[in-house]
$ cat run14.pdb   # PDB, C-alpha atoms, pLDDT in the B column
ATOM      1  CA  MET A  29     101.039 116.221  91.258  1.00 75.00           C
ATOM      2  CA  ALA A  30     101.773 116.349  94.935  1.00 91.00           C
ATOM      3  CA  ASN A  31      98.202 117.248  95.789  1.00 91.00           C
ATOM      4  CA  PHE A  32      97.107 113.757  94.701  1.00 95.00           C
ATOM      5  CA  VAL A  33      99.337 112.385  97.458  1.00 97.00           C
ATOM      6  CA  TYR A  34      97.516 114.425 100.107  1.00 97.00           C
ATOM      7  CA  PHE A  35      94.168 113.020  98.970  1.00 96.00           C
ATOM      8  CA  VAL A  36      95.585 109.486  99.255  1.00 97.00           C
ATOM      9  CA  LEU A  37      96.981 110.418 102.674  1.00 98.00           C
ATOM     10  CA  CYS A  38      93.637 111.725 103.909  1.00 97.00           C
ATOM     11  CA  GLY A  39      91.816 108.599 102.726  1.00 97.00           C
ATOM     12  CA  THR A  40      94.451 106.372 104.289  1.00 97.00           C
ATOM     13  CA  LEU A  41      94.332 108.124 107.655  1.00 97.00           C
ATOM     14  CA  MET A  42      90.538 108.055 107.860  1.00 96.00           C
ATOM     15  CA  GLY A  43      90.438 104.489 106.588  1.00 95.00           C
ATOM     16  CA  THR A  44      92.951 103.440 109.232  1.00 95.00           C
ATOM     17  CA  TRP A  45      90.525 104.554 111.938  1.00 95.00           C
ATOM     18  CA  VAL A  46      87.609 102.781 110.224  1.00 94.00           C
ATOM     19  CA  VAL A  47      89.502  99.497 109.858  1.00 94.00           C
ATOM     20  CA  HIS A  48      90.250  99.427 113.580  1.00 94.00           C
ATOM     21  CA  ILE A  49      86.790 100.394 114.862  1.00 95.00           C
ATOM     22  CA  PRO A  50      85.756  96.851 115.928  1.00 94.00           C
ATOM     23  CA  ALA A  51      88.944  96.269 117.943  1.00 94.00           C
ATOM     24  CA  ILE A  52      88.803  99.718 119.524  1.00 96.00           C
ATOM     25  CA  GLU A  53      85.121  99.359 120.348  1.00 96.00           C
ATOM     26  CA  GLU A  54      85.829  96.031 122.063  1.00 95.00           C
ATOM     27  CA  ARG A  55      88.876  97.272 123.986  1.00 95.00           C
ATOM     28  CA  VAL A  56      87.107 100.404 125.225  1.00 97.00           C
ATOM     29  CA  GLY A  57      84.052  98.299 126.115  1.00 97.00           C
ATOM     30  CA  ILE A  58      81.377 100.357 124.409  1.00 97.00           C
ATOM     31  CA  SER A  59      78.254  99.441 122.490  1.00 96.00           C
ATOM     32  CA  HIS A  60      77.541 100.330 118.888  1.00 95.00           C
ATOM     33  CA  ALA A  61      75.093 102.963 120.153  1.00 96.00           C
ATOM     34  CA  THR A  62      77.754 104.581 122.342  1.00 97.00           C
ATOM     35  CA  LEU A  63      80.208 104.551 119.454  1.00 96.00           C
ATOM     36  CA  GLY A  64      77.563 106.181 117.285  1.00 95.00           C
ATOM     37  CA  SER A  65      77.196 108.930 119.864  1.00 96.00           C
ATOM     38  CA  LEU A  66      80.953 109.428 120.074  1.00 96.00           C
ATOM     39  CA  LEU A  67      81.209 109.720 116.293  1.00 96.00           C
ATOM     40  CA  VAL A  68      79.347 113.020 116.588  1.00 97.00           C
ATOM     41  CA  LEU A  69      82.558 114.366 118.121  1.00 98.00           C
ATOM     42  CA  LEU A  70      84.552 113.234 115.085  1.00 97.00           C
ATOM     43  CA  GLY A  71      82.211 115.264 112.886  1.00 97.00           C
ATOM     44  CA  LEU A  72      82.192 118.236 115.245  1.00 98.00           C
ATOM     45  CA  GLY A  73      85.983 118.255 115.299  1.00 98.00           C
ATOM     46  CA  ALA A  74      86.094 118.012 111.503  1.00 98.00           C
ATOM     47  CA  PHE A  75      83.642 120.875 111.077  1.00 98.00           C
ATOM     48  CA  THR A  76      85.642 123.078 113.429  1.00 98.00           C
ATOM     49  CA  GLY A  77      88.923 122.164 111.740  1.00 98.00           C
ATOM     50  CA  MET A  78      87.490 122.957 108.320  1.00 98.00           C
ATOM     51  CA  GLN A  79      86.460 126.433 109.458  1.00 97.00           C
ATOM     52  CA  ILE A  80      89.881 127.223 110.894  1.00 98.00           C
ATOM     53  CA  ALA A  81      91.957 125.677 108.105  1.00 97.00           C
ATOM     54  CA  GLY A  82      89.853 127.390 105.455  1.00 95.00           C
ATOM     55  CA  ARG A  83      90.623 130.768 106.971  1.00 96.00           C
ATOM     56  CA  LEU A  84      94.306 129.886 107.339  1.00 96.00           C
ATOM     57  CA  ALA A  85      94.501 128.712 103.725  1.00 94.00           C
ATOM     58  CA  ASP A  86      92.933 131.997 102.630  1.00 93.00           C
ATOM     59  CA  ARG A  87      95.333 134.012 104.746  1.00 95.00           C
ATOM     60  CA  LEU A  88      98.584 132.064 104.307  1.00 94.00           C
ATOM     61  CA  GLY A  89      97.968 130.096 101.129  1.00 92.00           C
ATOM     62  CA  ALA A  90      97.009 126.441 100.824  1.00 93.00           C
ATOM     63  CA  ARG A  91     100.581 125.491  99.905  1.00 94.00           C
ATOM     64  CA  VAL A  92     101.752 126.619 103.353  1.00 95.00           C
ATOM     65  CA  VAL A  93      98.881 125.148 105.352  1.00 96.00           C
ATOM     66  CA  LEU A  94      98.549 121.770 103.612  1.00 97.00           C
ATOM     67  CA  PRO A  95     101.866 120.184 104.656  1.00 97.00           C
ATOM     68  CA  VAL A  96     101.438 121.370 108.250  1.00 98.00           C
ATOM     69  CA  VAL A  97      97.958 119.907 108.597  1.00 98.00           C
ATOM     70  CA  GLY A  98      99.101 116.771 106.754  1.00 98.00           C
ATOM     71  CA  VAL A  99     101.675 116.222 109.493  1.00 98.00           C
ATOM     72  CA  LEU A 100      99.205 117.070 112.278  1.00 98.00           C
ATOM     73  CA  SER A 101      96.567 114.734 110.884  1.00 98.00           C
ATOM     74  CA  SER A 102      99.134 111.963 110.552  1.00 98.00           C
ATOM     75  CA  MET A 103     100.206 112.497 114.157  1.00 98.00           C
ATOM     76  CA  ALA A 104      96.580 112.466 115.322  1.00 98.00           C
ATOM     77  CA  ALA A 105      95.851 109.187 113.510  1.00 97.00           C
ATOM     78  CA  VAL A 106      97.222 107.157 116.422  1.00 97.00           C
ATOM     79  CA  LEU A 107      94.987 108.836 119.007  1.00 98.00           C
ATOM     80  CA  PRO A 108      91.813 106.732 118.536  1.00 97.00           C
ATOM     81  CA  GLY A 109      93.954 103.603 118.925  1.00 96.00           C
ATOM     82  CA  LEU A 110      95.176 104.542 122.411  1.00 97.00           C
ATOM     83  CA  PRO A 111      92.118 104.975 124.700  1.00 97.00           C
ATOM     84  CA  ARG A 112      90.908 102.383 127.144  1.00 95.00           C
ATOM     85  CA  ASP A 113      87.755 104.234 128.219  1.00 97.00           C
ATOM     86  CA  PRO A 114      84.949 106.135 126.478  1.00 97.00           C
ATOM     87  CA  TRP A 115      86.039 109.568 127.732  1.00 97.00           C
ATOM     88  CA  THR A 116      89.526 109.417 126.286  1.00 98.00           C
ATOM     89  CA  LEU A 117      88.126 107.939 123.074  1.00 98.00           C
ATOM     90  CA  ALA A 118      85.792 110.931 122.905  1.00 98.00           C
ATOM     91  CA  GLY A 119      88.735 113.324 123.173  1.00 98.00           C
ATOM     92  CA  ALA A 120      90.780 111.338 120.664  1.00 98.00           C
ATOM     93  CA  LEU A 121      87.963 111.407 118.124  1.00 98.00           C
ATOM     94  CA  LEU A 122      87.466 115.134 118.589  1.00 98.00           C
ATOM     95  CA  VAL A 123      91.168 115.855 117.972  1.00 98.00           C
ATOM     96  CA  PHE A 124      91.458 113.381 115.099  1.00 98.00           C
ATOM     97  CA  GLY A 125      88.325 114.832 113.507  1.00 98.00           C
ATOM     98  CA  PHE A 126      89.695 118.362 113.896  1.00 98.00           C
ATOM     99  CA  CYS A 127      93.001 117.487 112.230  1.00 98.00           C
ATOM    100  CA  ASN A 128      91.305 115.507 109.473  1.00 98.00           C
ATOM    101  CA  GLY A 129      88.938 118.408 108.782  1.00 98.00           C
ATOM    102  CA  CYS A 130      91.929 120.731 108.499  1.00 98.00           C
ATOM    103  CA  LEU A 131      93.562 118.367 106.027  1.00 98.00           C
ATOM    104  CA  ASP A 132      90.352 117.916 104.053  1.00 97.00           C
ATOM    105  CA  VAL A 133      89.666 121.591 103.445  1.00 97.00           C
ATOM    106  CA  SER A 134      93.341 122.430 102.804  1.00 97.00           C
ATOM    107  CA  MET A 135      93.839 119.729 100.193  1.00 97.00           C
ATOM    108  CA  ASN A 136      90.622 120.732  98.451  1.00 96.00           C
ATOM    109  CA  ALA A 137      91.632 124.409  98.506  1.00 94.00           C
ATOM    110  CA  HIS A 138      94.940 123.501  96.899  1.00 94.00           C
ATOM    111  CA  ALA A 139      93.159 121.245  94.405  1.00 94.00           C
ATOM    112  CA  VAL A 140      91.234 124.275  93.157  1.00 93.00           C
ATOM    113  CA  HIS A 141      94.562 125.934  92.304  1.00 90.00           C
ATOM    114  CA  VAL A 142      95.784 122.787  90.569  1.00 91.00           C
ATOM    115  CA  GLU A 143      92.582 122.514  88.558  1.00 90.00           C
ATOM    116  CA  LYS A 144      92.978 126.137  87.421  1.00 90.00           C
ATOM    117  CA  ALA A 145      96.571 125.405  86.383  1.00 88.00           C
ATOM    118  CA  TYR A 146      95.472 122.336  84.410  1.00 88.00           C
ATOM    119  CA  ASN A 147      92.773 124.427  82.756  1.00 90.00           C
ATOM    120  CA  ARG A 148      90.445 121.430  82.733  1.00 90.00           C
ATOM    121  CA  PRO A 149      88.359 119.554  85.307  1.00 91.00           C
ATOM    122  CA  VAL A 150      90.471 117.236  87.475  1.00 91.00           C
ATOM    123  CA  MET A 151      88.709 117.477  90.845  1.00 92.00           C
ATOM    124  CA  SER A 152      87.065 114.060  90.460  1.00 93.00           C
ATOM    125  CA  ALA A 153      90.510 112.491  90.012  1.00 93.00           C
ATOM    126  CA  PHE A 154      91.598 113.998  93.330  1.00 93.00           C
ATOM    127  CA  HIS A 155      88.574 112.555  95.079  1.00 93.00           C
ATOM    128  CA  ALA A 156      89.226 109.170  93.508  1.00 95.00           C
ATOM    129  CA  MET A 157      92.628 109.240  95.205  1.00 96.00           C
ATOM    130  CA  PHE A 158      90.878 109.540  98.584  1.00 96.00           C
ATOM    131  CA  SER A 159      89.278 106.170  97.788  1.00 96.00           C
ATOM    132  CA  VAL A 160      92.677 104.731  96.880  1.00 97.00           C
ATOM    133  CA  GLY A 161      93.736 105.757 100.380  1.00 96.00           C
ATOM    134  CA  GLY A 162      90.839 103.745 101.776  1.00 95.00           C
ATOM    135  CA  VAL A 163      92.064 100.677  99.910  1.00 96.00           C
ATOM    136  CA  ILE A 164      95.580 101.217 101.260  1.00 96.00           C
ATOM    137  CA  ALA A 165      94.177 101.525 104.785  1.00 95.00           C
ATOM    138  CA  SER A 166      92.201  98.306 104.486  1.00 93.00           C
ATOM    139  CA  LEU A 167      95.267  96.415 103.284  1.00 95.00           C
ATOM    140  CA  ALA A 168      97.490  97.944 105.975  1.00 92.00           C
ATOM    141  CA  GLY A 169      94.883  97.245 108.659  1.00 89.00           C
ATOM    142  CA  ALA A 170      94.478  93.635 107.567  1.00 89.00           C
ATOM    143  CA  GLY A 171      98.241  93.200 107.514  1.00 91.00           C
ATOM    144  CA  ALA A 172      98.638  94.773 110.947  1.00 90.00           C
ATOM    145  CA  ALA A 173      95.856  92.644 112.432  1.00 86.00           C
ATOM    146  CA  SER A 174      97.229  89.437 110.938  1.00 89.00           C
ATOM    147  CA  ALA A 175     100.664  90.329 112.330  1.00 93.00           C
ATOM    148  CA  GLY A 176      99.099  90.696 115.795  1.00 91.00           C
ATOM    149  CA  MET A 177      99.666  94.456 116.031  1.00 93.00           C
ATOM    150  CA  SER A 178      97.469  96.473 118.346  1.00 95.00           C
ATOM    151  CA  PRO A 179      95.304  99.209 116.823  1.00 95.00           C
ATOM    152  CA  ALA A 180      97.631 101.831 118.330  1.00 96.00           C
ATOM    153  CA  ALA A 181     100.698 100.206 116.757  1.00 96.00           C
ATOM    154  CA  GLY A 182      99.057  99.827 113.358  1.00 95.00           C
ATOM    155  CA  MET A 183      97.637 103.345 113.413  1.00 96.00           C
ATOM    156  CA  GLY A 184     100.932 104.724 114.656  1.00 96.00           C
ATOM    157  CA  ALA A 185     102.806 103.035 111.829  1.00 95.00           C
ATOM    158  CA  VAL A 186     100.429 104.491 109.249  1.00 96.00           C
ATOM    159  CA  GLY A 187     100.708 107.898 110.929  1.00 97.00           C
ATOM    160  CA  THR A 188     104.497 107.752 110.833  1.00 97.00           C
ATOM    161  CA  VAL A 189     104.473 106.979 107.122  1.00 97.00           C
ATOM    162  CA  GLY A 190     101.937 109.794 106.748  1.00 97.00           C
ATOM    163  CA  ILE A 191     104.255 112.321 108.397  1.00 98.00           C
ATOM    164  CA  VAL A 192     107.089 111.414 106.038  1.00 98.00           C
ATOM    165  CA  THR A 193     104.714 111.489 103.072  1.00 97.00           C
ATOM    166  CA  ALA A 194     103.265 114.902 103.977  1.00 97.00           C
ATOM    167  CA  LEU A 195     106.718 116.418 104.377  1.00 97.00           C
ATOM    168  CA  ALA A 196     108.184 114.826 101.251  1.00 97.00           C
ATOM    169  CA  SER A 197     105.236 115.905  99.099  1.00 96.00           C
ATOM    170  CA  ALA A 198     105.284 119.542 100.228  1.00 95.00           C
ATOM    171  CA  ARG A 199     107.947 120.572  97.715  1.00 94.00           C
ATOM    172  CA  GLY A 200     105.767 119.496  94.803  1.00 94.00           C
ATOM    173  CA  LEU A 201     102.794 121.684  95.705  1.00 94.00           C
ATOM    174  CA  LEU A 202     101.929 124.559  93.410  1.00 90.00           C
ATOM    175  CA  PRO A 203     102.540 128.054  94.733  1.00 87.00           C
ATOM    176  CA  THR A 204      99.336 129.625  96.007  1.00 76.00           C
ATOM    177  CA  ALA A 205      98.880 133.244  96.899  1.00 69.00           C
ATOM    178  CA  PRO A 206      97.008 134.199 100.028  1.00 69.00           C
ATOM    179  CA  THR A 207      93.704 135.944  99.338  1.00 62.00           C
TER     180      THR A 207
END

$ encode --input "run14.pdb" --output "structure tokens"
Amino acid sequence: MANFVYFVLCGTLMGTWVVHIPAIEERVGISHATLGSLLVLLGLGAFTGMQIAGRLADRLGARVVLPVVGVLSSMAAVLPGLPRDPWTLAGALLVFGFCNGCLDVSMNAHAVHVEKAYNRPVMSAFHAMFSVGGVIASLAGAGAASAGMSPAAGMGAVGTVGIVTALASARGLLPTAPT
């Protein structure tokens, strides 16, 4: 099912940020404590995105919203790799968190429809695919670092693949009716 792909995508995009944290932290010149403070913005952005995407999925249907937020989240994946100062990193994390929150709630909303269609529990399998995305991100991050790529280049490459993946997978999503 196409929805599995979106769970892998979400895990890959978030994992791509995590893999590059040490390099980004060093380039921006911040301490672990400052990074910890900035991560609040990632969560705040995610929370806000979840609220908005949940309402959009209810209104338009998860099948419509999911590919759009998959593309937006993939585009936003490069943002934390670009900043050279704490303020722009703060903004990048807020936007990335927002887009990732939108993707998270949309893929889960669609997964509910898929689970109903299967007529058996499959939600845990979807969440396992998020972890597969984390493995993909760690391998891609290690490969990018060993090839001498900057965090922005590595994250941008993953984001580009994510855009193509989100668009290509959209056709396989189950129809969902707005509520």

$ resolve_selection --input "run14.pdb" --expression "the PyMOL selection byres ((chain A and resi 55) around 12)" --output "short mmCIF file (atom, residue, chain, number, x, y, z; two decimals) with C-alpha atoms, in the coordinates of the input"
data_model
loop_
_atom_site.label_atom_id
_atom_site.label_comp_id
_atom_site.auth_asym_id
_atom_site.auth_seq_id
_atom_site.Cartn_x
_atom_site.Cartn_y
_atom_site.Cartn_z
CA HIS A 48 90.25 99.43 113.58
CA ILE A 49 86.79 100.39 114.86
CA PRO A 50 85.76 96.85 115.93
CA ALA A 51 88.94 96.27 117.94
CA ILE A 52 88.80 99.72 119.52
CA GLU A 53 85.12 99.36 120.35
CA GLU A 54 85.83 96.03 122.06
CA VAL A 56 87.11 100.40 125.22
CA GLY A 57 84.05 98.30 126.12
CA ILE A 58 81.38 100.36 124.41
CA SER A 59 78.25 99.44 122.49
CA PRO A 108 91.81 106.73 118.54
CA GLY A 109 93.95 103.60 118.92
CA LEU A 110 95.18 104.54 122.41
CA PRO A 111 92.12 104.98 124.70
CA ARG A 112 90.91 102.38 127.14
CA ASP A 113 87.76 104.23 128.22
CA PRO A 114 84.95 106.14 126.48
CA LEU A 117 88.13 107.94 123.07
CA SER A 178 97.47 96.47 118.35
CA PRO A 179 95.30 99.21 116.82
CA ALA A 180 97.63 101.83 118.33
#

$ residues_around --input "run14.pdb" --residues "Val92 of chain A" --least-positions-apart "3" --cutoff "12 Å" --atoms "all atoms listed in the file" --output "list in words"
Ala81, Leu84, Ala85, Asp86, Arg87, Leu88, Gly89, Pro95, Val96, Val97, Gly98, Leu131, Ser134, Met135, Ala137, His138, Ala194, Leu195, Ala198, Arg199, Gly200, Leu201, Leu202, Pro203, Thr204, Ala205 and Pro206 of chain A

$ closest_residue --input "run14.pdb" --among "A:Phe154, A:Phe124, A:Trp115, A:Phe75" --to "Met42 of chain A" --atoms "only C-alpha atoms"
A:Phe124

$ resolve_selection --input "run14.pdb" --expression "the PyMOL selection byres ((chain A and resi 121) around 12)" --output "PyMOL selection string"
chain A and resi 42+45-46+49+52+63-74+101+104-111+114-120+122-129

$ atom_distance --input "run14.pdb" --atom1 "atom CA of Val133 of chain A" --atom2 "atom CA of Gln79 of chain A"
8.4 Å

$ resolve_selection --input "run14.pdb" --expression "the PyMOL selection byres ((chain A and resi 186) around 9)" --output "list in words"
Thr40, Leu41, Thr44, Ser102, Ala105, Val106, Ala165, Ala168, Ala181, Gly182, Met183, Gly184, Ala185, Gly187, Thr188, Val189, Gly190 and Ile191 of chain A
